[in-house]
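Q: One file: input.txt (compact mmCIF, C-alpha atoms).
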```
# COMPACT_ATOMS: atom_id res chain seq x y z
CA LEU O 1 7.29 -17.49 25.55
CA ASP O 2 7.24 -21.31 25.68
CA ALA O 3 6.76 -21.41 21.90
CA LEU O 4 9.97 -19.42 21.40
CA LEU O 5 12.17 -21.65 23.55
CA PRO O 6 13.78 -24.95 22.51
CA GLY O 7 12.04 -27.76 24.36
CA GLY O 8 8.92 -25.64 24.79
CA GLY O 9 9.79 -24.03 28.11
CA TRP O 10 12.33 -23.20 30.76
CA PRO O 11 15.55 -25.19 30.42
CA ARG O 12 15.88 -27.84 33.14
CA GLY O 13 19.21 -28.43 34.80
CA ALA O 14 20.20 -24.91 33.80
CA LEU O 15 20.33 -21.31 34.90
CA SER O 16 17.93 -18.73 33.44
CA GLU O 17 18.66 -15.04 33.95
CA ILE O 18 15.81 -12.58 33.91
CA LEU O 19 17.12 -9.05 33.52
CA VAL O 20 14.61 -6.39 34.52
CA ALA O 21 14.50 -2.67 33.86
CA SER O 22 12.61 -2.13 37.11
CA ASP O 23 10.76 -4.21 39.68
CA GLY O 24 7.05 -4.89 39.35
CA ILE O 25 6.60 -4.93 35.57
CA GLY O 26 5.35 -8.50 35.44
CA GLU O 27 8.67 -10.29 35.61
CA CYS O 28 7.52 -12.74 38.31
CA SER O 29 4.44 -13.68 36.29
CA LEU O 30 6.79 -15.32 33.78
CA LEU O 31 7.65 -18.00 36.32
CA LEU O 32 4.25 -18.67 37.87
CA PRO O 33 2.96 -21.33 35.41
CA ALA O 34 6.19 -23.34 35.68
CA LEU O 35 6.34 -23.02 39.46
CA ALA O 36 2.68 -24.03 39.76
CA ALA O 37 3.26 -27.12 37.61
CA LEU O 38 6.25 -28.13 39.73
CA THR O 39 4.40 -27.75 43.02
CA ARG O 40 1.35 -29.61 41.66
CA SER O 41 3.66 -32.55 41.07
CA ARG O 42 4.76 -32.29 44.73
CA ARG O 43 8.16 -30.81 43.90
CA ARG O 44 9.66 -28.15 46.14
CA ILE O 45 10.62 -24.66 45.02
CA ALA O 46 12.72 -22.16 46.96
CA PHE O 47 12.72 -18.38 46.94
CA VAL O 48 16.12 -17.19 48.13
CA ALA O 49 16.28 -13.67 49.56
CA PRO O 50 13.32 -12.13 47.72
CA PRO O 51 13.49 -8.31 47.87
CA TYR O 52 9.79 -8.13 48.78
CA ILE O 53 7.61 -10.39 50.90
CA PRO O 54 5.96 -12.90 48.53
CA TYR O 55 2.19 -12.41 48.53
CA ALA O 56 0.83 -15.85 49.38
CA PRO O 57 -2.76 -15.27 48.15
CA ALA O 58 -1.48 -14.29 44.68
CA LEU O 59 0.86 -17.28 44.55
CA ALA O 60 -1.97 -19.62 45.57
CA ALA O 61 -4.30 -18.02 43.00
CA ALA O 62 -1.65 -18.76 40.36
CA GLY O 63 -1.85 -22.45 41.30
CA ILE O 64 1.27 -22.69 43.46
CA ASP O 65 0.95 -25.19 46.32
CA LEU O 66 2.26 -23.09 49.20
CA GLY O 67 3.15 -26.27 51.09
CA GLN O 68 5.87 -26.87 48.48
CA LEU O 69 7.28 -23.33 48.65
CA VAL O 70 10.22 -22.50 50.89
CA GLN O 71 11.33 -18.93 51.47
CA ILE O 72 14.92 -18.56 52.66
CA GLU O 73 16.16 -15.30 54.09
CA ALA O 74 19.84 -14.71 53.47
CA GLY O 75 22.09 -11.72 53.83
CA ALA O 76 23.70 -10.19 50.74
CA ALA O 77 26.94 -12.09 51.37
CA ASP O 78 25.14 -15.46 51.66
CA THR O 79 22.49 -15.21 48.93
CA HIS O 80 24.57 -16.72 46.15
CA TRP O 81 25.92 -19.53 48.34
CA THR O 82 22.44 -20.39 49.63
CA ALA O 83 20.96 -20.60 46.14
CA GLU O 84 23.90 -22.70 44.98
CA GLN O 85 23.41 -25.21 47.80
CA CYS O 86 19.66 -25.50 47.09
CA LEU O 87 20.32 -26.12 43.39
CA ARG O 88 23.15 -28.60 43.90
CA ALA O 89 21.44 -30.67 46.60
CA GLY O 90 18.61 -31.72 44.29
CA CYS O 91 16.05 -31.06 47.02
CA CYS O 92 14.39 -28.29 45.01
CA ALA O 93 12.99 -28.55 41.51
CA ALA O 94 13.45 -24.80 41.10
CA VAL O 95 15.28 -22.05 42.93
CA VAL O 96 14.36 -18.40 42.42
CA ASN O 97 17.09 -15.97 43.44
CA TRP O 98 17.56 -12.20 43.31
CA LEU O 99 21.15 -11.10 42.71
CA PRO O 100 21.59 -7.37 42.21
CA ARG O 101 25.33 -7.96 41.80
CA ALA O 102 26.98 -11.13 40.57
CA ASP O 103 30.12 -11.88 38.66
CA TYR O 104 30.69 -14.49 35.97
CA ARG O 105 32.26 -16.93 38.44
CA GLN O 106 29.23 -16.82 40.76
CA LEU O 107 26.82 -17.31 37.87
CA ARG O 108 28.91 -20.20 36.55
CA ARG O 109 28.73 -21.88 39.96
CA LEU O 110 24.93 -21.52 39.89
CA GLN O 111 24.81 -22.97 36.36
CA ILE O 112 26.93 -25.97 37.43
CA ALA O 113 24.84 -26.45 40.58
CA ALA O 114 21.60 -26.45 38.53
CA GLU O 115 23.09 -29.10 36.25
CA ALA O 116 24.26 -31.21 39.21
CA GLY O 117 20.89 -31.05 40.94
CA SER O 118 18.78 -31.29 37.76
CA ALA O 119 17.02 -28.14 38.93
CA ILE O 120 15.79 -24.99 37.24
CA GLY O 121 17.69 -21.95 38.46
CA PHE O 122 16.08 -18.54 38.04
CA VAL O 123 18.07 -15.39 38.77
CA PHE O 124 16.60 -11.89 38.66
CA ARG O 125 19.22 -9.25 37.90
CA PRO O 126 19.18 -5.61 36.80
CA LEU O 127 18.92 -4.90 33.08
CA GLU O 128 22.38 -3.28 33.13
CA ALA O 129 23.83 -6.78 33.55
CA ALA O 130 22.97 -7.47 29.89
CA ARG O 131 26.32 -5.87 28.99
CA GLU O 132 28.17 -8.59 30.92
CA THR O 133 28.87 -12.09 29.67
CA SER O 134 26.96 -14.88 31.34
CA PRO O 135 27.11 -18.69 31.50
CA ALA O 136 23.30 -18.87 31.82
CA ALA O 137 21.54 -21.11 29.30
CA LEU O 138 18.80 -18.51 28.86
CA ARG O 139 18.85 -14.74 29.26
CA LEU O 140 15.70 -12.65 29.02
CA ALA O 141 15.38 -8.87 29.18
CA VAL O 142 12.06 -7.63 30.55
CA THR O 143 11.33 -4.00 29.78
CA ILE O 144 8.28 -1.83 29.43
CA ASP O 145 7.34 0.44 26.54
CA ALA O 146 4.19 2.15 25.27
CA ALA O 147 2.62 -1.21 24.37
CA GLY O 148 3.33 -2.68 27.81
CA PRO O 149 5.79 -5.24 29.18
CA ARG O 150 8.10 -6.77 26.59
CA ILE O 151 10.45 -9.77 26.69
CA ASP O 152 13.57 -9.99 24.56
CA VAL O 153 15.38 -13.33 24.43
CA LEU O 154 19.02 -12.26 24.53
CA LYS O 155 20.54 -15.72 24.74
CA CYS O 156 19.06 -19.16 24.40
CA ARG O 157 21.17 -22.30 24.33
CA GLY O 158 20.07 -24.50 21.44
CA ARG O 159 18.51 -21.68 19.43
CA THR O 160 20.05 -19.98 16.43
CA GLY O 161 18.96 -16.80 14.78
CA SER O 162 18.21 -13.26 15.80
CA THR O 163 16.78 -11.84 18.99
CA MET O 164 13.24 -13.04 19.72
CA GLN O 165 10.54 -10.94 21.33
CA ALA O 166 7.31 -11.60 23.19
CA ARG O 167 4.77 -9.55 25.12
CA LEU O 168 3.63 -10.20 28.66
CA SER O 169 -0.13 -10.35 28.98
CA ALA O 170 -1.74 -8.50 31.83
```
In structure tokens, what does this structure look like?
A:
Amino acid sequence: LDALLPGGGWPRGALSEILVASDGIGECSLLLPALAALTRSRRRIAFVAPPYIPYAPALAAAGIDLGQLVQIEAGAADTHWTAEQCLRAGCCAAVVNWLPRADYRQLRRLQIAAEAGSAIGFVFRPLEAARETSPAALRLAVTIDAAGPRIDVLKCRGRTGSTMQARLSA
């Protein structure tokens, strides 16, 4: 995936949307190398309102320094606001957020907050959101087919050309 993206990886100071067909198809594994690199450099990451309890042994095995990971529980009404504050404050190098429902205005606020805080914003949303417009710098669709998990790059700021595809390795 890094080879497909301008700059060789996740855009910094920007919002990246990861649209998933269903939970548990490897979508979180996309983030693990970047999150591990950030925590190794003593930079904090925040998980805001994850739908499942993060499995600490798997995160540690992926190289994430658990001492640099903050999990924030927030109700549905506060999830967006909480992620926005973490991004804007500059106290987190990355914020991972799950937003089953979000409108353009909310996503734009997250994009602006990521820019202001020079942070990487990750938002997991349902695949159906691909029909909606988005201010995110990067939009990925993660689906599964007979060959396994597949990534389609739907939008990538700084990249021209057709849709790009990659496969997730097991």
Q: Between CA of Leu15 (chain O) and CA of Gly75 (chain O), what is the spacing in Å?
A: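 Calculated distance between CA of Gly75 (chain O) and CA of Leu15 (chain O) is 21.3 Å.
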Q: For region 137-144 of chain O, work out the shell of residues within 10 Å, counting only C-alpha atoms and skipping chain neighbours fewer than 5 positions away, then give it as number ranges by chain.
A: O: 5, 10-23, 25-27, 30, 111, 121-130, 149-159, 164-168
Q: Distance CA of Leu59 (chain O)-CA of Leu35 (chain O), one decimal place?
A: 9.4 Å
Q: Pick out the closest residue to Ser29 (chain O) from this set: O:Ala62, O:Trp81, O:Arg43, O:Tyr55. Count all atoms listed in the file.
A: O:Ala62
Q: Determine the nearest neighbour of Pro51 (chain O) from the options O:Ala146, O:Ala119, O:Val96, O:Ala89, counting all atoms listed in the file.
A: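 So, comparing all the options, the nearest one is O:Val96.
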